[in-house]
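The next block holds one structure in the form of structure tokens; read it before the comments.
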Amino acid sequence: ARWMPNADILYYTVKNGEAYDLYNLDPASGREHLVAQSIPTNDFDWAPDGKTFFYAKTDEGVKESGPLRRYATPDDRMPGDRTRYFVMHYDPATGLSEQLTYGNHTTQLCDISPDGSNILILTVNERPDIRPPYENTVYQLNLATMQADTLVARSPQLINGAVYSPDGKKVLFYGSPEAFDGIGRNAGPFELANDYDIQMFIMDVAKRTVDPVTRDFNPSVAQVIDWNRADGRIYFIAEEGFMRPLYVYDPARGTFSRLPVEVENVGQVSIPAHSAARLAYTGQGFDYIGKAYLLDLKSGANRLLADPNSEKIAEIELGTMHPWNFTAADGKVIEGYYCLPPSFDPAKKYPMIVYYYGGTSPTQARLSTPYTPQLLASRDYVVYTLNPSGTTGYGQEFSARHVNTWGKYTADDIIEGVKKFIAEHKFVDADKVGCMGASYGGFMTQYLQTLTPMFAAAVSHAGISNVTSYWGEGYWGYSYNSVAAANSYPWNNPDLFTKQGSLFNADKITTPLLLLHGTADTNVPIGESIQLFNALRILGREVEFVSVEGENHFISDFAKRQLWQNTIMAWFAKHLQNDPRWWNHPYPERHL
């Protein structure tokens with residue numbers, strides 16, 4: 001159930017054959033009312049008056065018969081890439097639908113003006129010959145005249161979405177710092193910003209002027225929640241290192257305020273359109289999950305609404321999390337946290353596992369992740385996790401270190417951080433330190449072993465060993481590289497695609513390395529692990545390669561995930577705790 005836009009009434013749908021029946025529910029009285037029968041979808045956006053709604057119509061595009069397939073673009077290899085979506089307008093009173101957009105490009109409804117007279121439409125067209133390889137156009141469509149006004153014309157920069165101001169005269173865009181000809185870029189000495197460091201821009205529709213409102217705001221924008229009609233302020237979730245706090249921006253004053261929420265990592269937020277008195281939100285942290293609160297925006301007081309997981313979590317003996325930052329050799333501060341085992345004894349020496357981000361997104365204060373420090377700490381490890389150079393959420397100059405480096409700054413920070421952490425914390429056994437990461441973090445795991453012998457064991461899940469083959473074969477390889485290796489290609493910058501990776505430096509790896517990969521991984525194809533496994537076997541190094549049948553980039557099947565997680569634990573137990581039994585049980589020694 002969701003709220004109607006113009007009343008304190010809920011609505012929901014019930015499947016009826018191939019269509020849906022639409023109901024209203026008054027929470028105060030408990031009365032239900034059948035609004036319409038046989039509506040075409042259960043996924044739609046109401047117009048502000050609550051009388052009509054908008055939804056997406058699907059067109060599967062060009063189909064080819066027979067065993068041969070002609071590919072038009074790199075993304076054409078992906079299932080569903082030829083599918084197009086068009087904006088439809090539906091009147092439940094008459095049962096009539098009107099198609100508002102047509103053509104060869106997918107169209108996405110971004111927002112509806114407060115008076116319901118206009119809508120914002122975003123189109124995306126793949127253009128491999130530009131960087132990034134997608135062209136965005138944003139239109140304002142007048143529903144009475146069907147005239148389209150182009151607000152952003154064929155922009156080669158990333159624009160993720162758009163939201164109307166309460167009076168409909170301005171539009172909030174959010175996307176890459178490079179949008180609008182780089183007006184929001186603030187990356188210091190770096191030529192290009194990190195396109196994943198999301199910024200906000202406000203356009204005056206009549207004047208066509210653009211204000212890069214977050215240019216000097218160091219946290220990244222994780223999610224725009226609402227441009228509230230009651231108070232005229234913009235509510236959004238920020239990406240601020242390990243935390244995801246809730247912020248509000250006041251366009252009239254040009255000021256940002258951090259709201260006093262009770263969670264470290266805000267999840268969902270609900271704000272009444274007609275009131276700015278309070279809001280509801282959910283969230284989690286390092287040692288809790290699924291809490292829901294009501295925040296009084298005037299007093300700043302929080303009221304706990306629900307904590308459904310508290311009893312289950314209370315049964316689990318958790319470790320304690322501690323912040324630990326260090327100043328790197330180049331003067332920048334690297335933020336980190338460490339988790340101690342539940343029964344920590346400061347007189348003992350503990351093995352340690354190091355975890356770091358994947359892909360440029362920061363490691364977050366979250367319990368609901370396969371790599372939560374709590375899980376590793378429960379097996380009597382100290383767990384150190386850090387957000388090294390290249391991470392979003394620390395300002396554009398920090399995140400720009402991700403661009404055209406493929407891990408160089410990142411690796412330097414991890415190595416320096418681990419050395420300083422060990423030196424400062426005498427309860428860590430310096431000879432029993434392991435590391436792990438997934439996706440880009442898996443790449444980092446492999447790359448680190450070519451630079452240092454300091455780790456006693458390493459785990460790479462879905463890691464990239466050959467940047468060139470990943471660039472060419474991964475579904476998102478070439479588009480991801482348009483950010484990570486902006487304007488660089490194997491033919492104009494071959495050193496970047498070889499010297500920063502593990503395959504071309506495999507002879508430098510001496511650390512026992514576990515490679516894990518789903519056989520159906522389309523983001524980072526399994527060949528990335530196969531190549532490095534072959535190389536290390538030829539070199540006679542200690543390496544293990546375990547595939548997970550039928551799984552993609554993320555191990556989603558629960559039974560398979562348990563086996564996958566046990567494999568990780570067994571590998572570390574063997575090398576960091578001198579206990580090979582857990583490993584030898586599922587993987588007995590074979591004579592080659």
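The way I read the labels, and the way they are meant: chains A, B, ... in the order of the structure tokens, residue 1 as the first residue of every chain, and ligand 1 as the first ligand shown, with later ones counted on from there.
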Inset, instruction - Check the DSSP output for the backbone and give back, as number ranges by chain, the residues of region 14-87 of chain A in strand (DSSP E or B). - result: A: 14-16, 19-25, 32-39, 45-46, 53-59, 84-87
Inset, instruction - Considering only C-alpha atoms, return as a ChimeraX atom specification whatever protein or nucleic-acid residues lie within 10 Å of Ile313 (chain A), sequence-local ones (same chain, fewer than 4 positions apart) excluded. - result: /A:287-289,308-309,317-318
Legend entry - Among listed residues A:Leu532, A:Ile422, A:Ala93, A:Ala314, nearest Lys51 (chain A) (using only C-alpha atoms): A:Ala93
Inset, instruction - Have a look at A:Phe217, A:Phe427, A:Phe173, A:Phe326 and name the one nearest to Arg185 (chain A); count only C-alpha atoms. - result: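 With only C-alpha atoms as the atom set, the closest residue is A:Phe217.
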I want to know what sits within 7 Å of Leu513 (chain A), based on only C-alpha atoms, with residues of the same chain fewer than 2 positions away left out; could you give that as a JSON list (two decimals) with C-alpha atoms, in the first residue's frame?
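What landed in part10.json:
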```json
[["chain", "number", "residue", "atom", "x", "y", "z"],
["A", 457, "ALA", "CA", 46.12, -15.02, 2.54],
["A", 458, "ALA", "CA", 43.81, -13.23, 0.12],
["A", 459, "VAL", "CA", 40.30, -13.75, -1.27],
["A", 511, "THR", "CA", 50.41, -14.77, -1.42],
["A", 515, "LEU", "CA", 39.56, -16.92, -6.51],
["A", 542, "GLU", "CA", 49.46, -21.40, -4.17],
["A", 543, "VAL", "CA", 46.10, -20.56, -5.71],
["A", 544, "GLU", "CA", 42.60, -22.03, -5.50]]
```
Legend entry - Neighbour list for region 474-476 of chain A as a PyMOL selection string, cut-off 12 Å, only C-alpha atoms, skip fewer than 5 positions in-chain: chain A and resi 73-79+81+132-133+359+439+462-464+466-469+481-484+520-528+552-553
Go ahead and save the picked residues with N, CA, C and O atoms, as a compact mmCIF listing (two decimals), in the first residue's frame.
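Result written to part00.txt:
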```txt
# COMPACT_ATOMS: atom_id res chain seq x y z
N THR A 73 25.32 -2.41 -31.05
CA THR A 73 26.16 -1.65 -30.12
C THR A 73 26.74 -2.62 -29.08
O THR A 73 26.27 -3.76 -28.97
N PRO A 74 27.72 -2.19 -28.29
CA PRO A 74 28.24 -3.08 -27.24
C PRO A 74 27.16 -3.56 -26.27
O PRO A 74 27.16 -4.72 -25.86
N ASP A 75 26.21 -2.71 -25.91
CA ASP A 75 25.15 -3.10 -24.97
C ASP A 75 24.12 -4.03 -25.61
O ASP A 75 23.31 -4.63 -24.88
N ASP A 76 24.12 -4.14 -26.91
CA ASP A 76 23.14 -4.99 -27.60
C ASP A 76 23.32 -6.46 -27.24
O ASP A 76 22.44 -7.28 -27.50
N ARG A 77 24.44 -6.82 -26.61
CA ARG A 77 24.64 -8.20 -26.16
C ARG A 77 23.77 -8.53 -24.95
O ARG A 77 23.53 -9.70 -24.66
N MET A 78 23.33 -7.51 -24.24
CA MET A 78 22.59 -7.74 -22.99
C MET A 78 21.15 -8.12 -23.28
O MET A 78 20.48 -7.49 -24.11
N PRO A 79 20.64 -9.14 -22.59
CA PRO A 79 19.22 -9.47 -22.74
C PRO A 79 18.35 -8.27 -22.36
O PRO A 79 18.58 -7.62 -21.33
N ASP A 81 18.21 -5.41 -23.95
CA ASP A 81 18.72 -4.09 -24.32
C ASP A 81 17.88 -3.44 -25.42
O ASP A 81 17.83 -2.21 -25.51
N PRO A 132 30.80 9.89 -21.43
CA PRO A 132 30.41 8.49 -21.32
C PRO A 132 29.58 8.05 -22.53
O PRO A 132 29.02 8.91 -23.22
N PRO A 133 29.46 6.75 -22.76
CA PRO A 133 28.86 6.29 -24.01
C PRO A 133 27.34 6.31 -24.03
O PRO A 133 26.70 5.44 -24.64
N GLY A 359 34.46 -0.78 -6.66
CA GLY A 359 33.81 -0.05 -7.74
C GLY A 359 33.83 1.45 -7.62
O GLY A 359 33.52 2.14 -8.57
N SER A 439 34.40 -7.75 -6.82
CA SER A 439 34.26 -6.92 -8.02
C SER A 439 35.52 -6.05 -8.17
O SER A 439 36.63 -6.58 -8.27
N ALA A 462 34.86 -12.44 -7.80
CA ALA A 462 34.49 -11.76 -9.04
C ALA A 462 35.46 -10.63 -9.37
O ALA A 462 35.07 -9.54 -9.77
N GLY A 463 36.76 -10.92 -9.17
CA GLY A 463 37.77 -9.91 -9.41
C GLY A 463 38.19 -9.82 -10.86
O GLY A 463 38.04 -10.76 -11.64
N ILE A 464 38.75 -8.68 -11.24
CA ILE A 464 39.21 -8.42 -12.60
C ILE A 464 40.72 -8.61 -12.63
O ILE A 464 41.45 -7.96 -11.88
N ASN A 466 42.44 -8.91 -15.85
CA ASN A 466 42.90 -8.36 -17.13
C ASN A 466 41.95 -7.25 -17.51
O ASN A 466 40.84 -7.51 -17.99
N VAL A 467 42.36 -6.01 -17.29
CA VAL A 467 41.46 -4.88 -17.52
C VAL A 467 41.00 -4.83 -18.98
O VAL A 467 39.86 -4.46 -19.27
N THR A 468 41.85 -5.24 -19.89
CA THR A 468 41.49 -5.20 -21.31
C THR A 468 40.36 -6.17 -21.63
O THR A 468 39.40 -5.82 -22.31
N SER A 469 40.46 -7.41 -21.16
CA SER A 469 39.41 -8.38 -21.45
C SER A 469 38.11 -8.03 -20.72
O SER A 469 37.02 -8.22 -21.27
N ASN A 481 34.52 1.51 -17.68
CA ASN A 481 35.84 2.07 -17.98
C ASN A 481 35.75 3.49 -18.51
O ASN A 481 36.74 4.22 -18.45
N SER A 482 34.59 3.89 -19.02
CA SER A 482 34.46 5.29 -19.46
C SER A 482 34.52 6.23 -18.27
O SER A 482 34.72 7.44 -18.44
N VAL A 483 34.37 5.69 -17.06
CA VAL A 483 34.55 6.46 -15.83
C VAL A 483 35.92 6.15 -15.22
O VAL A 483 36.72 7.04 -14.96
N ALA A 484 36.19 4.85 -15.00
CA ALA A 484 37.44 4.46 -14.34
C ALA A 484 38.66 4.72 -15.20
O ALA A 484 39.76 4.93 -14.68
N ALA A 520 27.78 -17.63 -14.03
CA ALA A 520 26.90 -16.84 -14.90
C ALA A 520 27.14 -15.34 -14.72
O ALA A 520 26.26 -14.53 -15.03
N ASP A 521 28.32 -14.98 -14.24
CA ASP A 521 28.63 -13.56 -14.02
C ASP A 521 28.73 -12.83 -15.35
O ASP A 521 29.59 -13.16 -16.18
N THR A 522 27.86 -11.86 -15.57
CA THR A 522 27.88 -11.09 -16.81
C THR A 522 28.57 -9.75 -16.63
O THR A 522 28.95 -9.11 -17.61
N ASN A 523 28.73 -9.29 -15.40
CA ASN A 523 29.42 -8.03 -15.14
C ASN A 523 30.93 -8.22 -15.27
O ASN A 523 31.59 -7.57 -16.08
N VAL A 524 31.47 -9.14 -14.45
CA VAL A 524 32.87 -9.53 -14.56
C VAL A 524 32.87 -11.01 -14.95
O VAL A 524 32.67 -11.87 -14.11
N PRO A 525 33.06 -11.31 -16.24
CA PRO A 525 32.98 -12.72 -16.68
C PRO A 525 33.97 -13.60 -15.93
O PRO A 525 35.04 -13.16 -15.50
N ILE A 526 33.60 -14.86 -15.78
CA ILE A 526 34.39 -15.81 -15.00
C ILE A 526 35.79 -15.99 -15.59
O ILE A 526 36.72 -16.38 -14.89
N GLY A 527 35.97 -15.66 -16.85
CA GLY A 527 37.29 -15.75 -17.46
C GLY A 527 38.34 -14.90 -16.76
O GLY A 527 39.55 -15.20 -16.85
N GLU A 528 37.91 -13.86 -16.04
CA GLU A 528 38.87 -13.03 -15.30
C GLU A 528 39.57 -13.84 -14.21
O GLU A 528 40.76 -13.65 -13.96
N ASN A 552 25.35 -15.15 -10.66
CA ASN A 552 25.87 -13.98 -11.38
C ASN A 552 26.86 -13.24 -10.49
O ASN A 552 27.53 -13.84 -9.66
N HIS A 553 26.93 -11.93 -10.65
CA HIS A 553 27.94 -11.14 -9.96
C HIS A 553 27.75 -11.20 -8.44
O HIS A 553 28.71 -11.07 -7.68
```
Inset, instruction - Within 9 Å of region 140-156 of chain A, counting only C-alpha atoms, which residues show up once you throw out same-chain ones fewer than 2 positions away? Write them as JSON, numbers by chain, please. - result: {"A": [100, 116, 117, 118, 119, 120, 121, 124, 125, 127, 130, 131, 132, 133, 134, 135, 136, 137, 138, 158, 159, 179, 180, 181, 203, 205, 208]}
File of the preceding selection, N, CA, C and O atoms, as an mmCIF file, in the first residue's frame:
```
data_model
loop_
_atom_site.group_PDB
_atom_site.id
_atom_site.type_symbol
_atom_site.label_atom_id
_atom_site.label_comp_id
_atom_site.auth_asym_id
_atom_site.auth_seq_id
_atom_site.Cartn_x
_atom_site.Cartn_y
_atom_site.Cartn_z
ATOM 1 N N LEU A 100 2.160 8.871 -24.707
ATOM 2 C CA LEU A 100 2.703 10.228 -24.784
ATOM 3 C C LEU A 100 4.048 10.298 -25.485
ATOM 4 O O LEU A 100 4.417 11.352 -26.002
ATOM 5 N N GLY A 116 0.225 19.571 -12.427
ATOM 6 C CA GLY A 116 -0.162 18.495 -13.320
ATOM 7 C C GLY A 116 -0.171 18.846 -14.792
ATOM 8 O O GLY A 116 -0.597 18.031 -15.625
ATOM 9 N N SER A 117 0.331 20.032 -15.158
ATOM 10 C CA SER A 117 0.256 20.468 -16.553
ATOM 11 C C SER A 117 1.427 19.974 -17.397
ATOM 12 O O SER A 117 1.305 19.869 -18.624
ATOM 13 N N ASN A 118 2.572 19.670 -16.769
ATOM 14 C CA ASN A 118 3.777 19.263 -17.495
ATOM 15 C C ASN A 118 4.393 18.026 -16.859
ATOM 16 O O ASN A 118 4.193 17.758 -15.664
ATOM 17 N N ILE A 119 5.158 17.306 -17.664
ATOM 18 C CA ILE A 119 5.951 16.197 -17.135
ATOM 19 C C ILE A 119 7.377 16.340 -17.656
ATOM 20 O O ILE A 119 7.615 16.945 -18.713
ATOM 21 N N LEU A 120 8.314 15.780 -16.887
ATOM 22 C CA LEU A 120 9.722 15.748 -17.291
ATOM 23 C C LEU A 120 10.041 14.353 -17.801
ATOM 24 O O LEU A 120 9.752 13.357 -17.136
ATOM 25 N N ILE A 121 10.649 14.296 -18.988
ATOM 26 C CA ILE A 121 10.966 13.022 -19.632
ATOM 27 C C ILE A 121 12.455 12.976 -19.942
ATOM 28 O O ILE A 121 13.014 13.925 -20.503
ATOM 29 N N VAL A 124 17.500 8.160 -23.122
ATOM 30 C CA VAL A 124 18.876 7.680 -23.102
ATOM 31 C C VAL A 124 19.159 6.971 -24.414
ATOM 32 O O VAL A 124 18.403 6.098 -24.836
ATOM 33 N N ASN A 125 20.261 7.357 -25.051
ATOM 34 C CA ASN A 125 20.668 6.751 -26.314
ATOM 35 C C ASN A 125 22.118 6.323 -26.201
ATOM 36 O O ASN A 125 22.989 7.128 -25.857
ATOM 37 N N ARG A 127 25.710 5.735 -27.251
ATOM 38 C CA ARG A 127 26.610 6.328 -28.243
ATOM 39 C C ARG A 127 28.032 5.900 -27.915
ATOM 40 O O ARG A 127 28.746 6.571 -27.172
ATOM 41 N N ILE A 130 31.157 8.450 -27.889
ATOM 42 C CA ILE A 130 31.345 9.572 -26.978
ATOM 43 C C ILE A 130 31.647 9.039 -25.581
ATOM 44 O O ILE A 130 31.528 7.849 -25.326
ATOM 45 N N ARG A 131 32.070 9.937 -24.680
ATOM 46 C CA ARG A 131 32.323 9.546 -23.296
ATOM 47 C C ARG A 131 31.566 10.469 -22.360
ATOM 48 O O ARG A 131 31.685 11.685 -22.474
ATOM 49 N N PRO A 132 30.798 9.889 -21.430
ATOM 50 C CA PRO A 132 30.408 8.486 -21.317
ATOM 51 C C PRO A 132 29.576 8.053 -22.533
ATOM 52 O O PRO A 132 29.021 8.906 -23.223
ATOM 53 N N PRO A 133 29.460 6.749 -22.758
ATOM 54 C CA PRO A 133 28.861 6.286 -24.011
ATOM 55 C C PRO A 133 27.336 6.309 -24.032
ATOM 56 O O PRO A 133 26.699 5.445 -24.637
ATOM 57 N N TYR A 134 26.751 7.290 -23.347
ATOM 58 C CA TYR A 134 25.302 7.436 -23.347
ATOM 59 C C TYR A 134 24.958 8.911 -23.494
ATOM 60 O O TYR A 134 25.582 9.773 -22.883
ATOM 61 N N GLU A 135 23.950 9.181 -24.295
ATOM 62 C CA GLU A 135 23.530 10.547 -24.581
ATOM 63 C C GLU A 135 22.175 10.773 -23.913
ATOM 64 O O GLU A 135 21.217 10.030 -24.145
ATOM 65 N N ASN A 136 22.102 11.786 -23.073
ATOM 66 C CA ASN A 136 20.867 12.097 -22.363
ATOM 67 C C ASN A 136 20.191 13.320 -22.957
ATOM 68 O O ASN A 136 20.853 14.306 -23.293
ATOM 69 N N THR A 137 18.883 13.273 -23.061
ATOM 70 C CA THR A 137 18.074 14.436 -23.417
ATOM 71 C C THR A 137 16.919 14.510 -22.431
ATOM 72 O O THR A 137 16.309 13.494 -22.103
ATOM 73 N N VAL A 138 16.644 15.719 -21.936
ATOM 74 C CA VAL A 138 15.548 15.914 -20.997
ATOM 75 C C VAL A 138 14.550 16.897 -21.612
ATOM 76 O O VAL A 138 14.925 17.994 -22.024
ATOM 77 N N LEU A 158 26.426 12.233 -17.789
ATOM 78 C CA LEU A 158 25.420 11.444 -17.081
ATOM 79 C C LEU A 158 24.455 12.338 -16.308
ATOM 80 O O LEU A 158 24.868 13.107 -15.443
ATOM 81 N N ILE A 159 23.176 12.231 -16.640
ATOM 82 C CA ILE A 159 22.109 12.843 -15.857
ATOM 83 C C ILE A 159 21.210 11.717 -15.408
ATOM 84 O O ILE A 159 20.649 10.987 -16.225
ATOM 85 N N ALA A 179 28.285 17.091 -15.840
ATOM 86 C CA ALA A 179 27.079 17.543 -16.519
ATOM 87 C C ALA A 179 27.100 19.062 -16.696
ATOM 88 O O ALA A 179 27.799 19.780 -15.977
ATOM 89 N N PHE A 180 26.336 19.518 -17.675
ATOM 90 C CA PHE A 180 26.240 20.947 -17.971
ATOM 91 C C PHE A 180 27.632 21.561 -18.192
ATOM 92 O O PHE A 180 28.006 22.573 -17.591
ATOM 93 N N ASP A 181 28.405 20.857 -19.038
ATOM 94 C CA ASP A 181 29.751 21.317 -19.430
ATOM 95 C C ASP A 181 30.693 21.479 -18.241
ATOM 96 O O ASP A 181 31.572 22.351 -18.234
ATOM 97 N N MET A 203 18.037 24.249 -12.331
ATOM 98 C CA MET A 203 17.858 25.044 -13.546
ATOM 99 C C MET A 203 16.618 25.915 -13.415
ATOM 100 O O MET A 203 15.544 25.430 -13.037
ATOM 101 N N VAL A 205 13.895 27.284 -15.432
ATOM 102 C CA VAL A 205 13.388 26.853 -16.739
ATOM 103 C C VAL A 205 13.254 28.018 -17.700
ATOM 104 O O VAL A 205 13.586 27.901 -18.886
ATOM 105 N N ARG A 208 16.985 29.414 -18.252
ATOM 106 C CA ARG A 208 17.927 28.361 -18.646
ATOM 107 C C ARG A 208 19.277 28.483 -17.946
ATOM 108 O O ARG A 208 20.306 28.001 -18.422
#
```
Inset, instruction - as a PyMOL selection string, please: all residues of region 135-358 of chain A that backbone DSSP puts in helix (DSSP H, G or I). - result: chain A and resi 179-182+310-314
Let's have the selection written as a CSV table (one decimal), in the first residue's frame, with all heavy atoms.
```csv
chain,number,residue,atom,x,y,z
A,179,ALA,N,28.3,17.1,-15.8
A,179,ALA,CA,27.1,17.5,-16.5
A,179,ALA,C,27.1,19.1,-16.7
A,179,ALA,O,27.8,19.8,-16.0
A,179,ALA,CB,25.8,17.1,-15.7
A,180,PHE,N,26.3,19.5,-17.7
A,180,PHE,CA,26.2,20.9,-18.0
A,180,PHE,C,27.6,21.6,-18.2
A,180,PHE,O,28.0,22.6,-17.6
A,180,PHE,CB,25.5,21.7,-16.9
A,180,PHE,CG,24.1,21.2,-16.7
A,180,PHE,CD1,23.8,20.4,-15.6
A,180,PHE,CD2,23.1,21.5,-17.6
A,180,PHE,CE1,22.5,19.9,-15.4
A,180,PHE,CE2,21.8,21.0,-17.4
A,180,PHE,CZ,21.5,20.2,-16.3
A,181,ASP,N,28.4,20.9,-19.0
A,181,ASP,CA,29.8,21.3,-19.4
A,181,ASP,C,30.7,21.5,-18.2
A,181,ASP,O,31.6,22.4,-18.2
A,181,ASP,CB,29.7,22.6,-20.2
A,181,ASP,CG,28.9,22.5,-21.5
A,181,ASP,OD1,29.1,21.4,-22.2
A,181,ASP,OD2,28.1,23.4,-21.8
A,182,GLY,N,30.5,20.6,-17.2
A,182,GLY,CA,31.5,20.6,-16.1
A,182,GLY,C,31.3,21.7,-15.1
A,182,GLY,O,32.2,22.0,-14.3
A,310,SER,N,15.1,-6.6,16.6
A,310,SER,CA,15.9,-6.4,17.8
A,310,SER,C,16.0,-7.7,18.6
A,310,SER,O,17.1,-8.0,19.2
A,310,SER,CB,15.2,-5.4,18.7
A,310,SER,OG,13.9,-5.7,19.0
A,311,GLU,N,15.0,-8.5,18.7
A,311,GLU,CA,15.1,-9.8,19.5
A,311,GLU,C,16.0,-10.7,18.8
A,311,GLU,O,16.8,-11.4,19.5
A,311,GLU,CB,13.7,-10.4,19.6
A,311,GLU,CG,12.7,-9.6,20.5
A,311,GLU,CD,11.4,-10.3,20.6
A,311,GLU,OE1,11.3,-11.5,20.2
A,311,GLU,OE2,10.5,-9.7,21.2
A,312,LYS,N,16.0,-10.8,17.5
A,312,LYS,CA,16.9,-11.7,16.8
A,312,LYS,C,18.4,-11.3,17.0
A,312,LYS,O,19.3,-12.1,17.3
A,312,LYS,CB,16.6,-11.8,15.4
A,312,LYS,CG,17.4,-12.8,14.6
A,312,LYS,CD,17.0,-12.9,13.1
A,312,LYS,CE,15.6,-13.5,13.0
A,312,LYS,NZ,15.2,-13.6,11.5
A,313,ILE,N,18.6,-10.0,16.9
A,313,ILE,CA,20.0,-9.5,17.0
A,313,ILE,C,20.5,-9.6,18.4
A,313,ILE,O,21.7,-9.9,18.7
A,313,ILE,CB,20.1,-8.0,16.5
A,313,ILE,CG1,19.9,-8.0,15.0
A,313,ILE,CG2,21.4,-7.4,16.9
A,313,ILE,CD1,19.8,-6.6,14.4
A,314,ALA,N,19.6,-9.5,19.4
A,314,ALA,CA,20.0,-9.6,20.8
A,314,ALA,C,20.5,-11.0,21.1
A,314,ALA,O,21.2,-11.2,22.1
A,314,ALA,CB,18.8,-9.3,21.7
```
Legend entry - Which of A:Ser97, A:Gln500, A:Ser270, A:Asn24 sits closest to Asp226 (chain A) [using only C-alpha atoms]: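 Smallest separation from Asp226 (chain A) among the options: A:Ser270.
If you look at CA of Ala329 (chain A) and CA of Arg366 (chain A), they are 29.1 Å away from each other.
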Legend entry - Nearest to Glu262 (chain A) by atom-to-atom distance, counting only C-alpha atoms, from A:Ser275, A:Ser38, A:Asn302, A:Gln562: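 Of A:Ser275, A:Ser38, A:Asn302, A:Gln562, the one nearest Glu262 (chain A), counting only C-alpha atoms, is A:Asn302.
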Legend entry - Atom pair CA of Val171 (chain A) / CA of Asp250 (chain A): separation (Å): 14.4 Å
Legend entry - Nearest-residue call for Asn578 (chain A), choices A:Tyr357, A:Pro351, A:Ala400, A:Ala535, using only C-alpha atoms: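 Distance minimum relative to Asn578 (chain A) lands on A:Pro351.
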